[in-house]
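Coordinates from data_11.txt are shown below (compact mmCIF, C-alpha atoms).
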# COMPACT_ATOMS: atom_id res chain seq x y z
CA MET A 731 94.44 92.77 98.00
CA ARG A 732 93.84 93.67 101.65
CA ILE A 733 92.12 96.87 102.75
CA ARG A 734 91.86 98.05 106.37
CA ALA A 735 88.41 99.39 107.22
CA PRO A 736 88.41 101.70 110.28
CA ALA A 737 85.61 102.05 112.80
CA LYS A 738 84.16 105.46 113.69
CA ILE A 739 82.81 107.20 116.74
CA ASN A 740 80.31 110.03 116.95
CA LEU A 741 81.77 112.83 119.06
CA SER A 742 78.38 114.53 118.80
CA LEU A 743 75.04 113.39 117.39
CA ARG A 744 72.04 115.70 117.20
CA VAL A 745 68.75 114.68 115.64
CA ILE A 746 67.29 117.92 114.31
CA GLY A 747 64.27 116.76 112.30
CA LYS A 748 62.63 114.11 110.19
CA ARG A 749 61.93 113.96 106.47
CA ARG A 750 58.64 112.90 104.96
CA ASP A 751 60.21 109.65 103.77
CA GLY A 752 61.00 108.73 107.38
CA TYR A 753 64.73 109.47 107.37
CA HIS A 754 65.98 111.52 110.30
CA LEU A 755 67.98 114.70 109.80
CA LEU A 756 71.25 114.73 111.67
CA ASP A 757 74.05 117.03 112.69
CA THR A 758 76.92 114.82 113.80
CA VAL A 759 80.69 114.84 114.15
CA MET A 760 82.26 111.55 113.07
CA VAL A 761 85.87 110.56 113.61
CA PRO A 762 87.63 107.37 112.40
CA VAL A 763 89.54 105.39 115.02
CA SER A 764 92.28 102.77 114.97
CA LEU A 765 90.01 99.74 115.26
CA TYR A 766 89.84 97.90 111.95
CA ASP A 767 88.10 95.19 110.00
CA VAL A 768 90.17 93.79 107.14
CA ILE A 769 88.65 93.24 103.70
CA GLU A 770 90.50 90.76 101.52
CA ILE A 771 89.65 90.78 97.81
CA CYS A 772 91.00 88.37 95.22
CA LYS A 773 90.27 87.58 91.62
CA LEU A 774 89.15 84.02 90.90
CA LYS A 775 89.78 81.82 87.92
CA ARG A 776 86.57 81.39 86.00
CA THR A 777 86.93 77.61 86.17
CA SER A 778 87.12 77.66 89.99
CA ASN A 779 84.14 79.94 90.44
CA PRO A 780 81.24 78.00 92.07
CA ALA A 781 77.97 78.01 90.12
CA GLY A 782 79.28 80.76 87.88
CA ALA A 783 78.81 83.46 90.53
CA ARG A 784 80.72 86.67 89.79
CA ILE A 785 80.82 87.74 93.46
CA THR A 786 81.22 85.62 96.58
CA VAL A 787 81.36 87.09 100.09
CA ASN A 788 82.24 85.34 103.34
CA CYS A 789 82.74 86.63 106.88
CA ASP A 790 84.40 85.03 109.89
CA HIS A 791 81.80 86.43 112.33
CA PRO A 792 78.72 84.26 113.01
CA LEU A 793 76.33 87.24 113.20
CA VAL A 794 77.37 88.67 109.85
CA PRO A 795 75.63 87.16 106.80
CA SER A 796 77.56 85.96 103.79
CA GLY A 797 76.53 86.23 100.17
CA GLU A 798 73.96 88.64 98.80
CA LYS A 799 72.61 89.63 102.23
CA ASN A 800 75.87 91.36 103.13
CA ILE A 801 76.23 95.07 102.31
CA VAL A 802 79.69 94.25 100.94
CA TYR A 803 78.05 92.21 98.19
CA GLY A 804 76.01 95.24 97.16
CA ALA A 805 79.15 97.38 97.10
CA ALA A 806 80.94 94.84 94.94
CA ARG A 807 78.02 94.58 92.54
CA ILE A 808 77.98 98.37 92.03
CA LEU A 809 81.71 98.48 91.26
CA MET A 810 81.56 95.43 88.99
CA GLN A 811 78.86 97.18 87.00
CA GLN A 812 81.05 100.26 86.74
CA ALA A 813 83.91 98.12 85.50
CA ASP A 814 81.65 96.14 83.18
CA ALA A 815 83.66 93.19 84.43
CA ASP A 816 82.83 89.53 84.28
CA GLN A 817 85.97 88.62 86.25
CA PRO A 818 84.78 86.71 89.33
CA VAL A 819 85.99 87.95 92.71
CA HIS A 820 85.93 86.60 96.24
CA ILE A 821 85.70 88.91 99.24
CA GLN A 822 86.59 87.75 102.74
CA ILE A 823 85.66 89.92 105.72
CA HIS A 824 87.90 89.57 108.75
CA LYS A 825 85.77 91.07 111.50
CA ARG A 826 87.15 92.87 114.55
CA ILE A 827 84.69 95.77 114.87
CA PRO A 828 81.79 94.54 117.02
CA VAL A 829 78.44 94.04 115.31
CA GLY A 830 75.56 96.41 116.12
CA ALA A 831 77.89 98.60 118.16
CA GLY A 832 77.32 102.03 116.62
CA LEU A 833 80.86 101.97 115.22
CA GLY A 834 79.96 101.75 111.53
CA GLY A 835 81.23 98.21 110.95
CA GLY A 836 79.06 97.32 107.98
CA SER A 837 79.39 100.74 106.38
CA THR A 838 83.17 100.82 106.60
CA ASP A 839 83.38 97.33 105.11
CA ALA A 840 81.25 98.47 102.17
CA ALA A 841 83.39 101.57 101.62
CA ALA A 842 86.60 99.52 101.78
CA THR A 843 85.15 97.19 99.15
CA LEU A 844 84.45 100.11 96.82
CA ILE A 845 87.98 101.43 97.33
CA GLY A 846 89.58 98.01 96.90
CA LEU A 847 87.74 97.06 93.72
CA ASN A 848 88.39 100.51 92.27
CA ARG A 849 92.12 99.78 92.67
CA LEU A 850 91.91 96.15 91.62
CA PHE A 851 90.19 96.93 88.32
CA LYS A 852 92.13 100.19 87.82
CA LEU A 853 88.93 102.20 87.32
CA HIS A 854 90.49 105.46 88.56
CA LEU A 855 87.17 106.61 90.01
CA THR A 856 87.58 109.75 92.13
CA GLU A 857 86.73 109.88 95.82
CA THR A 858 83.80 112.14 94.94
CA ARG A 859 82.46 109.54 92.52
CA LEU A 860 82.96 106.74 95.04
CA GLU A 861 81.06 108.78 97.66
CA LYS A 862 78.09 109.07 95.30
CA LEU A 863 78.09 105.32 94.74
CA ALA A 864 78.48 104.76 98.49
CA LEU A 865 75.37 106.78 99.28
CA SER A 866 73.21 104.21 97.49
CA LEU A 867 74.40 101.65 100.06
CA GLY A 868 73.76 103.66 103.23
CA ALA A 869 73.79 107.21 104.59
CA ASP A 870 77.08 106.88 106.48
CA VAL A 871 79.00 104.81 103.90
CA PRO A 872 80.31 107.94 102.08
CA PHE A 873 82.10 109.07 105.25
CA PHE A 874 84.40 106.05 105.10
CA ILE A 875 85.56 106.69 101.54
CA ARG A 876 87.93 109.43 102.72
CA GLY A 877 88.07 108.20 106.31
CA ARG A 878 88.77 111.61 107.85
CA PRO A 879 87.08 113.54 110.67
CA ALA A 880 83.97 115.23 109.29
CA ARG A 881 80.77 116.98 110.22
CA ALA A 882 77.83 115.18 108.62
CA ARG A 883 74.43 116.74 108.04
CA GLY A 884 71.29 115.88 106.13
CA ILE A 885 70.76 112.16 106.64
CA GLY A 886 74.52 111.89 107.11
CA GLU A 887 75.55 112.35 103.49
CA ARG A 888 76.50 116.05 103.55
CA LEU A 889 80.11 115.94 104.68
CA ARG A 890 82.44 118.76 105.63
CA PRO A 891 86.03 117.85 106.59
CA LEU A 892 87.21 118.89 110.06
CA ARG A 893 90.86 119.68 110.73
CA GLY A 894 92.97 120.43 113.77
CA LEU A 895 91.69 117.50 115.82
CA ALA A 896 93.33 117.04 119.21
CA ASN A 897 95.54 113.94 119.42
CA LEU A 898 93.47 111.85 121.82
CA TRP A 899 93.27 108.26 122.96
CA LEU A 900 90.04 106.43 123.64
CA VAL A 901 88.78 103.34 125.37
CA ILE A 902 85.78 101.82 123.59
CA ILE A 903 83.66 99.30 125.43
CA TYR A 904 81.23 96.96 123.70
CA PRO A 905 78.76 95.52 126.25
CA GLY A 906 78.43 92.16 124.53
CA PHE A 907 75.15 92.72 122.70
CA PRO A 908 74.06 94.72 119.64
CA VAL A 909 71.50 97.51 119.41
CA SER A 910 69.31 97.93 116.34
CA THR A 911 69.76 101.34 114.71
CA ALA A 912 66.24 101.14 113.25
CA TRP A 913 64.79 100.45 116.72
CA ALA A 914 66.62 103.39 118.27
CA TYR A 915 65.34 105.89 115.70
CA GLN A 916 61.82 104.47 115.74
CA ASN A 917 61.62 105.01 119.49
CA LEU A 918 63.19 108.45 119.54
CA ARG A 919 60.92 111.30 120.56
CA ILE A 920 62.24 114.14 118.48
CA LYS A 921 62.89 117.39 120.24
CA LEU A 922 63.90 120.35 118.12
CA THR A 923 67.57 120.62 119.04
CA LYS A 924 69.78 123.24 117.53
CA PRO A 925 72.51 122.30 115.06
CA ILE A 926 76.05 122.52 116.39
CA VAL A 927 77.54 125.98 115.98
CA ASN A 928 80.47 125.95 113.54
CA THR A 929 82.75 127.93 115.82
CA SER A 930 82.09 125.66 118.79
CA ILE A 931 83.15 122.61 116.78
CA ALA A 932 86.36 124.21 115.55
CA THR A 933 87.29 125.37 119.04
CA SER A 934 86.35 122.13 120.81
CA LEU A 935 88.24 119.85 118.43
CA LYS A 936 91.50 121.65 119.11
CA SER A 937 91.18 121.73 122.89
CA PHE A 938 91.16 118.67 125.09
CA GLU A 939 89.46 120.58 127.90
CA LYS A 940 86.67 121.93 125.69
CA LEU A 941 86.02 118.71 123.81
CA ALA A 942 83.85 117.32 126.59
CA GLY A 943 81.30 120.04 125.88
CA LEU A 944 80.80 118.62 122.40
CA LEU A 945 79.82 115.18 123.70
CA VAL A 946 76.07 115.00 123.18
CA ASN A 947 74.11 112.11 121.67
CA ASP A 948 70.34 112.52 121.38
CA LEU A 949 69.91 108.74 120.96
CA GLU A 950 71.16 108.11 124.49
CA SER A 951 67.69 109.10 125.73
CA VAL A 952 66.34 105.96 124.04
CA THR A 953 69.13 103.42 124.32
CA LEU A 954 70.42 104.01 127.86
CA ASP A 955 66.93 103.64 129.36
CA ARG A 956 66.38 100.36 127.54
CA TYR A 957 69.87 99.01 128.22
CA PRO A 958 71.07 100.12 131.69
CA LYS A 959 74.33 98.18 131.27
CA ILE A 960 75.42 100.73 128.65
CA ARG A 961 74.80 103.57 131.11
CA LEU A 962 76.78 101.69 133.78
CA LEU A 963 79.75 101.21 131.46
CA LYS A 964 79.73 104.88 130.56
CA GLU A 965 79.83 105.77 134.25
CA LYS A 966 82.73 103.37 134.82
CA LEU A 967 84.71 105.05 132.04
CA LEU A 968 84.25 108.41 133.75
CA ARG A 969 85.30 106.97 137.11
CA ALA A 970 88.37 105.49 135.42
CA GLY A 971 89.55 108.98 134.50
CA ALA A 972 87.93 109.77 131.16
CA LEU A 973 87.45 113.47 130.51
CA GLY A 974 84.12 112.63 128.91
CA GLY A 975 82.16 109.62 127.78
CA LEU A 976 79.47 109.02 125.18
CA MET A 977 77.55 106.33 123.40
CA SER A 978 78.56 106.09 119.74
CA GLY A 979 75.75 106.23 117.19
CA SER A 980 72.72 104.31 118.37
CA GLY A 981 74.91 102.10 120.56
CA SER A 982 75.70 99.70 121.95
CA SER A 983 79.32 100.82 122.35
CA VAL A 984 80.41 103.64 124.61
CA PHE A 985 83.75 105.42 124.61
CA GLY A 986 85.82 107.51 126.97
CA LEU A 987 88.28 110.24 125.95
CA PHE A 988 91.72 110.38 127.57
CA GLU A 989 94.44 113.01 127.34
CA SER A 990 97.31 110.53 127.09
CA LYS A 991 97.92 106.97 126.02
CA GLY A 992 99.10 106.13 129.52
CA MET A 993 95.84 107.25 131.13
CA ALA A 994 93.84 105.38 128.52
CA GLN A 995 95.98 102.26 128.98
CA ARG A 996 95.34 102.21 132.73
CA ALA A 997 91.59 102.54 132.20
CA TYR A 998 91.68 99.84 129.52
CA ASN A 999 93.59 97.45 131.78
CA LYS A 1000 90.95 97.92 134.46
CA LEU A 1001 87.80 97.77 132.34
CA ARG A 1002 88.70 95.01 129.91
CA HIS A 1003 88.12 92.48 132.67
CA GLU A 1004 84.45 93.47 133.03
CA GLU A 1005 82.30 90.39 132.56
CA GLY A 1006 80.87 89.92 129.08
CA VAL A 1007 82.39 93.02 127.51
CA GLN A 1008 85.01 93.76 124.87
CA ALA A 1009 87.33 96.71 125.40
CA PHE A 1010 89.50 98.43 122.80
CA LEU A 1011 92.35 100.90 123.28
CA VAL A 1012 92.40 103.12 120.19
CA ARG A 1013 93.38 106.56 118.97
CA MET A 1014 91.57 109.03 116.77
CA LEU A 1015 92.69 109.14 113.14
CA SER A 1016 93.07 112.51 111.48
Would you encode the structure as structure tokens?
Amino acid sequence: MRIRAPAKINLSLRVIGKRRDGYHLLDTVMVPVSLYDVIEICKLKRTSNPAGARITVNCDHPLVPSGEKNIVYGAARILMQQADADQPVHIQIHKRIPVGAGLGGGSTDAAATLIGLNRLFKLHLTETRLEKLALSLGADVPFFIRGRPARARGIGERLRPLRGLANLWLVIIYPGFPVSTAWAYQNLRIKLTKPIVNTSIATSLKSFEKLAGLLVNDLESVTLDRYPKIRLLKEKLLRAGALGGLMSGSGSSVFGLFESKGMAQRAYNKLRHEEGVQAFLVRMLS
């Protein structure tokens, strides 16, 4: 079984407070995009299973751990417990989403694993049930269960679907190095910013011209100062014709919004030759 796991971008990310347990309170708009990892899941014969392990996980990216240290392993363990299954499985992660890029690579892989094993073992768990299981793995894992544009609040687990999204193309640029999410939040000086007004989201999502006004990321104040290359790439996207540009999540990726595929293609052709970077031409998924 093969499951495509889409990346996400944050069209807006406000940090509006902090809980006593250290988690930050967010108000963010997340949108899946057409950049995918692929999760391949197969049942193993018990006789071919090394050392009797029920779950084995491998990844083709050198920076992504295999085995129990991978979030995918945790997702598989949760579903195997739900299935009460002793059938061994092997999970192979084919990585295309850059690591430490603010694009949700690990979280989407975990969600795809939950979805895939739910189908493989015919558990018939609802999306709501899968979202509850996903939350135990990470605050933004539930978003990827449905994989639709959503406004996320709380620590990212309170999701409200968003409809009427403009059909836009993006160029995402990964600068060639990861940024630690934990580091970004630890170094953020919280200012009491207002949550996004509901009406402004609804209006902005439907209008290409107004969407640029939604592009705010409070974590840029931390990450762009520490990593000036990210700021430079954002500026190059704007000079290449993007209506607006923003860092996604805590970085390190930045994206530019374009009104047409042709405009995005021209910017992509120009920027993909930047030294040390990876560029992706993608569209929003609604």
Minimum-distance residue to Tyr753 of chain A, chosen among A:Pro905, A:Gly943, A:Gly992, A:Gly884 (using only C-alpha atoms):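 Smallest separation from Tyr753 of chain A among the options: A:Gly884.
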If I take atom CA of Ile845 of chain A and atom CA of Gln811 of chain A, how far is one from the other in Å, to one decimal?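 Those two atoms sit 14.4 Å apart.
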Enter the distance from atom CA of Ser796 of chain A to atom CA of Leu855 of chain A, in Å, rounded to one decimal.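 Answer for the atom CA of Ser796 of chain A to atom CA of Leu855 of chain A separation: 26.6 Å.
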Fewer than 4 positions away in the same chain doesn't count, so skip those; otherwise give me all residues within 9 Å of Leu949 of chain A, counting only C-alpha atoms, as a ChimeraX atom specification. /A:743-745,914-915,918,953-954,977,979-981
Would you please work out which residue, of A:Gln817, A:Ser983, A:Asn848, A:Gln812, is nearest to Leu962 of chain A when using all atoms listed in the file? A:Ser983
Just the number, please: distance in Å from atom CA of His824 of chain A to atom CA of Val768 of chain A, one decimal.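 Here the two named atoms are 5.1 Å from each other.
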Name the residues in contact with Phe988 of chain A at a cut-off of 7 Å, using all atoms listed in the file, excluding same-chain residues fewer than 4 positions from it; report them as an MDAnalysis selection string. chainID A and resid 898:900 972:973 993:994
For Phe1010 of chain A, find every residue with an atom within 8 Å (counting all atoms listed in the file), except residues of its own chain fewer than 5 positions away, and show them as a list in words.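 Here the answer would be Leu765, Val901, Ile902, Ile903, Tyr998 and Arg1002 of chain A.
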Let's have the selection written as a PDB file, in the coordinates of the input, with C-alpha atoms.
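Done, and the output landed in part.pdb:
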ATOM      1  CA  LEU A 765      90.010  99.740 115.260  1.00  0.00           C
ATOM      2  CA  VAL A 901      88.780 103.340 125.370  1.00  0.00           C
ATOM      3  CA  ILE A 902      85.780 101.820 123.590  1.00  0.00           C
ATOM      4  CA  ILE A 903      83.660  99.300 125.430  1.00  0.00           C
ATOM      5  CA  TYR A 998      91.680  99.840 129.520  1.00  0.00           C
ATOM      6  CA  ARG A1002      88.700  95.010 129.910  1.00  0.00           C
TER       7      ARG A1002
END
Counting all atoms listed in the file, note down every residue that has an atom within 12 Å of the point (81.9, 106.3, 134.2) (file coordinates), as a PyMOL selection string. chain A and resi 901+903+959-977+984-987+997+1001
Tell me which of A:Ala813, A:Ile885, A:Val802, A:Cys789 sits closest to Leu865 of chain A, counting all atoms listed in the file.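 Going through A:Ala813, A:Ile885, A:Val802, A:Cys789 one by one, the smallest distance to Leu865 of chain A is for A:Ile885.
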Between A:Leu809, A:Leu895, A:Arg878, A:Gly886, which residue has the minimum interatomic distance to Arg859 of chain A, considering all atoms listed in the file?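 Among the listed residues, A:Leu809 lies closest to Arg859 of chain A.
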Can you work out which one of A:Ser982, A:Ala805, A:Arg890, A:Ile769 has the shortest atom-to-atom distance to Pro958 of chain A, counting only C-alpha atoms?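 Using only C-alpha atoms, the shortest distance to Pro958 of chain A belongs to A:Ser982.
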Identify which of the residues A:Gln822, A:Thr786, A:Ser910, A:Ser978 lies closest to Arg956 of chain A, counting all atoms listed in the file when measuring atom-to-atom distances.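 Using all atoms listed in the file, Arg956 of chain A sits closest to A:Ser910.
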Residues proximal to (92.1, 92.0, 101.6) were defined as those with any atom within 6 Å of that point in the file's coordinates, counting all atoms listed in the file. Which are they, as a PyMOL selection string? chain A and resi 731-733+769-771
Please return the centre and edge lengths, in Å to one decimal, of a box with edges along x, y and z that contains all listed atoms of segment 870-878 of chain A, widened by 5 Å on every side, as lines of an AutoDock Vina configuration file.
center_x = 82.9
center_y = 108.2
center_z = 104.7
size_x = 21.7
size_y = 16.8
size_z = 16.3
Residues near Lys825 of chain A, anyone? I mean within 6 Å using all atoms listed in the file, not counting same-chain ones fewer than 2 positions away, as an NGL selection string. :A and (767 or 823 or 827)
